[in-house]
Amino acid sequence: MASTITLRRRIKSIKNTRQITQAQQLVAASKLRRAQEYAEHSRAYADLANELITRLSGIAEVERQPLFEKRPVKSRLYVLITSNSGLAGAYNANVLKLLTASVKADRQAKVKSCVLAVGNKGAQFVRRVSDIDLEAAYPGFGDEPTANDLRPVLNTIVEQYKNGEVDDVHVLFTQFKSMVSQVASVQQLLPSKPIEDGQATGTAISNFEPDVETVIDQIATRLIEAQVWQALLESIASEHAMRMMAMKSATDNAKDLIDDYTLELNTARQAAITQELAEITGGAEALNG
């Protein structure tokens, strides 16, 4: 049994840790509400952008444009969205596991894998893995990212696809389902997926002013930006939710540990008192004898 001094030190240390986890839980909860609102309010726009770029890809004039060109996949770019810090449960681990599975499939298909990392955790992981090219690494954009923050990422995606450096672009992110459900997901950005059989196509777009190149280049870039932006918002909301749950679990575990060590401390104190009484009684009897 540990000494009472050791037990008191452990209890004090755990109490200090519990104060930190409680504070982080409250901070994450306060940030989660706003991040959740941002993610949910922009979903309709992101879905519409995905639908529109899919419809555009089915038009003959558009298929010949650089951003809609479909070619055999020899190199694939992954836009990996992670966090700058840990203590968020399985937030980073889930999306990194998805990246690992995707890269393994690329190796079997003899496809070169490249990563554009958003967040320090993703960049650190990719640097330790062989046969993966880290094209660029950007720190996390905070809780309220702006369009200017996302611009370098978007420009890299568009330029590499236009120049033929990559033949396929996927974004790996964590989709926010609810407070207790966040799912690591992958979404194809370029080239856009073809319209499935039986899917409504709506009105075909065939007239472009001033010309196809100018209109399609600007529209496609904005539509891709909307999808990456939504993936970023979903990831931010998921990070706060998973950090809040992780810190709540850590706080509860700290409370259980404090209770266990307090019980052990009381037992040790009682044993020490009993031993002292026995020594006193034994000494008194020795004197009387």
# chains A, B, ... in the order shown; residues from 1 in each chain; ligands from 1
$ residues_around --residues "stretch 168-172 of chain A" --least-positions-apart "3" --cutoff "8 Å" --atoms "only C-alpha atoms" --output "number ranges by chain"
A: 73, 75-81, 95, 98-99, 157, 161, 184-191, 228, 231
$ residues_around --residues "A:Ser113" --least-positions-apart "6" --cutoff "10 Å" --atoms "only C-alpha atoms" --output "PDB file with C-alpha atoms, in the first residue's frame"
ATOM      1  CA  LYS A  74      -1.708   7.818 -62.202  1.00  0.00           C
ATOM      2  CA  SER A  75      -1.453  10.313 -59.361  1.00  0.00           C
ATOM      3  CA  ARG A  76      -4.041  11.119 -56.700  1.00  0.00           C
ATOM      4  CA  LEU A  77      -4.088  14.146 -54.394  1.00  0.00           C
ATOM      5  CA  TYR A  78      -5.646  13.924 -50.937  1.00  0.00           C
ATOM      6  CA  SER A 102      -6.775   4.894 -49.252  1.00  0.00           C
ATOM      7  CA  VAL A 103      -3.001   5.026 -49.736  1.00  0.00           C
ATOM      8  CA  LYS A 104      -2.786   1.251 -49.385  1.00  0.00           C
ATOM      9  CA  ALA A 105      -5.371   0.861 -52.148  1.00  0.00           C
ATOM     10  CA  ASP A 106      -3.386   3.295 -54.320  1.00  0.00           C
ATOM     11  CA  ARG A 107      -0.220   1.256 -53.860  1.00  0.00           C
ATOM     12  CA  ASP A 131       5.934   6.615 -50.373  1.00  0.00           C
ATOM     13  CA  ILE A 132       3.624   9.593 -49.747  1.00  0.00           C
ATOM     14  CA  ASP A 133       4.512  13.018 -51.113  1.00  0.00           C
ATOM     15  CA  LEU A 134       3.567  15.924 -48.867  1.00  0.00           C
ATOM     16  CA  VAL A 166      -2.552  14.911 -60.404  1.00  0.00           C
ATOM     17  CA  ASP A 168      -7.767  12.768 -59.162  1.00  0.00           C
TER      18      ASP A 168
END
$ atom_distance --atom1 "atom CA of A:Phe173" --atom2 "atom CA of A:Met244"
18.5 Å
$ select_by_dssp --residues "stretch 43-248 of chain A" --states "helix (DSSP H, G or I)" --output "MDAnalysis selection string"
chainID A and resid 43:56 60:63 66:68 91:108 120:127 147:162 212:248
$ residues_around --residues "A:Lys255" --least-positions-apart "6" --cutoff "9 Å" --atoms "only C-alpha atoms" --output "PyMOL selection string"
chain A and resi 14-15+18
$ write_last_selection --atoms "N, CA and C atoms" --output "tab-separated table (two decimals), in the first residue's frame"
chain	number	residue	atom	x	y	z
A	14	ILE	N	-4.26	14.74	-9.60
A	14	ILE	CA	-5.47	14.41	-10.37
A	14	ILE	C	-6.48	15.55	-10.30
A	15	LYS	N	-6.60	16.19	-9.15
A	15	LYS	CA	-7.51	17.33	-9.04
A	15	LYS	C	-7.09	18.47	-9.96
A	18	ARG	N	-8.05	17.47	-13.40
A	18	ARG	CA	-9.50	17.57	-13.58
A	18	ARG	C	-9.92	19.01	-13.84
$ atom_distance --atom1 "atom CA of A:Thr100" --atom2 "atom CA of A:Ala137"
17.6 Å
$ select_by_dssp --residues "stretch 121-235 of chain A" --states "strand (DSSP E)" --output "PyMOL selection string"
chain A and resi 132-138+168-178+181-190
$ write_last_selection --atoms "C-alpha atoms" --output "CSV table (one decimal), in the first residue's frame"
chain,number,residue,atom,x,y,z
A,132,ILE,CA,3.6,9.6,-49.7
A,133,ASP,CA,4.5,13.0,-51.1
A,134,LEU,CA,3.6,15.9,-48.9
A,135,GLU,CA,2.8,18.6,-51.4
A,136,ALA,CA,2.0,21.3,-48.9
A,137,ALA,CA,1.1,21.8,-45.3
A,138,TYR,CA,-1.1,24.5,-43.8
A,168,ASP,CA,-7.8,12.8,-59.2
A,169,VAL,CA,-8.5,14.9,-56.0
A,170,HIS,CA,-10.2,13.7,-52.8
A,171,VAL,CA,-10.8,15.5,-49.6
A,172,LEU,CA,-10.6,13.6,-46.3
A,173,PHE,CA,-12.5,15.2,-43.5
A,174,THR,CA,-14.8,14.4,-40.5
A,175,GLN,CA,-18.4,14.8,-41.2
A,176,PHE,CA,-20.5,16.2,-38.3
A,177,LYS,CA,-23.6,14.1,-37.9
A,178,SER,CA,-24.7,15.0,-34.3
A,181,SER,CA,-21.7,11.0,-34.0
A,182,GLN,CA,-18.9,12.2,-36.3
A,183,VAL,CA,-17.8,10.1,-39.2
A,184,ALA,CA,-14.5,10.2,-41.1
A,185,SER,CA,-15.5,10.7,-44.8
A,186,VAL,CA,-13.9,11.0,-48.2
A,187,GLN,CA,-15.3,13.1,-51.0
A,188,GLN,CA,-14.2,13.3,-54.6
A,189,LEU,CA,-13.5,16.8,-55.8
A,190,LEU,CA,-12.0,16.4,-59.3
$ closest_residue --among "A:Glu63, A:Glu144, A:Glu159, A:Glu51" --to "A:Gln227" --atoms "only C-alpha atoms"
A:Glu51
$ closest_residue --among "A:Ser85, A:Tyr261, A:Ser13, A:Lys162" --to "A:Lys70" --atoms "only C-alpha atoms"
A:Lys162
$ atom_distance --atom1 "atom CA of A:Leu116" --atom2 "atom CA of A:Arg33"
28.3 Å
$ residues_around --residues "A:Arg10" --least-positions-apart "4" --cutoff "10 Å" --atoms "only C-alpha atoms" --output "ChimeraX atom specification"
/A:4-6,14-16,257-258,261-262
$ write_last_selection --atoms "C-alpha atoms" --output "PDB file, in the first residue's frame"
ATOM      1  CA  THR A   4      -0.246   8.651   2.798  1.00  0.00           C
ATOM      2  CA  ILE A   5       2.140  11.300   1.448  1.00  0.00           C
ATOM      3  CA  THR A   6       2.231   9.596  -1.973  1.00  0.00           C
ATOM      4  CA  ILE A  14      -5.468  14.408 -10.372  1.00  0.00           C
ATOM      5  CA  LYS A  15      -7.511  17.332  -9.039  1.00  0.00           C
ATOM      6  CA  ASN A  16      -5.304  19.751 -10.960  1.00  0.00           C
ATOM      7  CA  LEU A 257      -9.724   8.080  -9.487  1.00  0.00           C
ATOM      8  CA  ILE A 258     -10.002  10.709  -6.779  1.00  0.00           C
ATOM      9  CA  TYR A 261      -7.412   7.181  -3.960  1.00  0.00           C
ATOM     10  CA  THR A 262      -9.355   8.950  -1.197  1.00  0.00           C
TER      11      THR A 262
END
$ closest_residue --among "A:Arg55, A:His41, A:Arg269, A:Lys31" --to "A:Ala220" --atoms "only C-alpha atoms"
A:Arg55
$ residues_around --residues "stretch 272-278 of chain A" --least-positions-apart "4" --cutoff "12 Å" --atoms "only C-alpha atoms" --output "VMD selection string"
chain A and resid 1 to 4 265 to 268 282 to 285
$ write_last_selection --atoms "N, CA and C atoms" --output "compact mmCIF listing (two decimals), in the first residue's frame"
# COMPACT_ATOMS: atom_id res chain seq x y z
N MET A 1 0.85 -1.19 0.00
CA MET A 1 0.00 0.00 0.00
C MET A 1 0.89 1.25 0.00
N ALA A 2 0.53 2.23 -0.84
CA ALA A 2 1.31 3.45 -0.92
C ALA A 2 1.18 4.25 0.36
N SER A 3 2.20 5.06 0.63
CA SER A 3 2.17 5.88 1.83
C SER A 3 1.15 6.99 1.69
N THR A 4 0.75 7.58 2.82
CA THR A 4 -0.25 8.65 2.80
C THR A 4 0.27 9.87 2.06
N LEU A 265 -6.51 6.31 0.78
CA LEU A 265 -5.85 7.17 1.76
C LEU A 265 -6.46 7.00 3.15
N ASN A 266 -7.78 6.96 3.20
CA ASN A 266 -8.45 6.77 4.50
C ASN A 266 -8.10 5.41 5.10
N THR A 267 -8.01 4.40 4.25
CA THR A 267 -7.63 3.06 4.73
C THR A 267 -6.21 3.08 5.29
N ALA A 268 -5.32 3.76 4.58
CA ALA A 268 -3.94 3.83 5.03
C ALA A 268 -3.83 4.60 6.35
N GLY A 282 0.98 -1.89 23.64
CA GLY A 282 2.05 -2.85 23.92
C GLY A 282 3.12 -2.26 24.83
N GLY A 283 3.46 -0.98 24.64
CA GLY A 283 4.44 -0.34 25.49
C GLY A 283 3.95 -0.19 26.92
N ALA A 284 2.67 0.16 27.09
CA ALA A 284 2.09 0.29 28.44
C ALA A 284 2.09 -1.02 29.17
N GLU A 285 1.74 -2.10 28.45
CA GLU A 285 1.73 -3.41 29.09
C GLU A 285 3.14 -3.84 29.47
$ closest_residue --among "A:Arg8, A:Leu232, A:Ala88, A:Glu213" --to "A:Asp149" --atoms "only C-alpha atoms"
A:Leu232
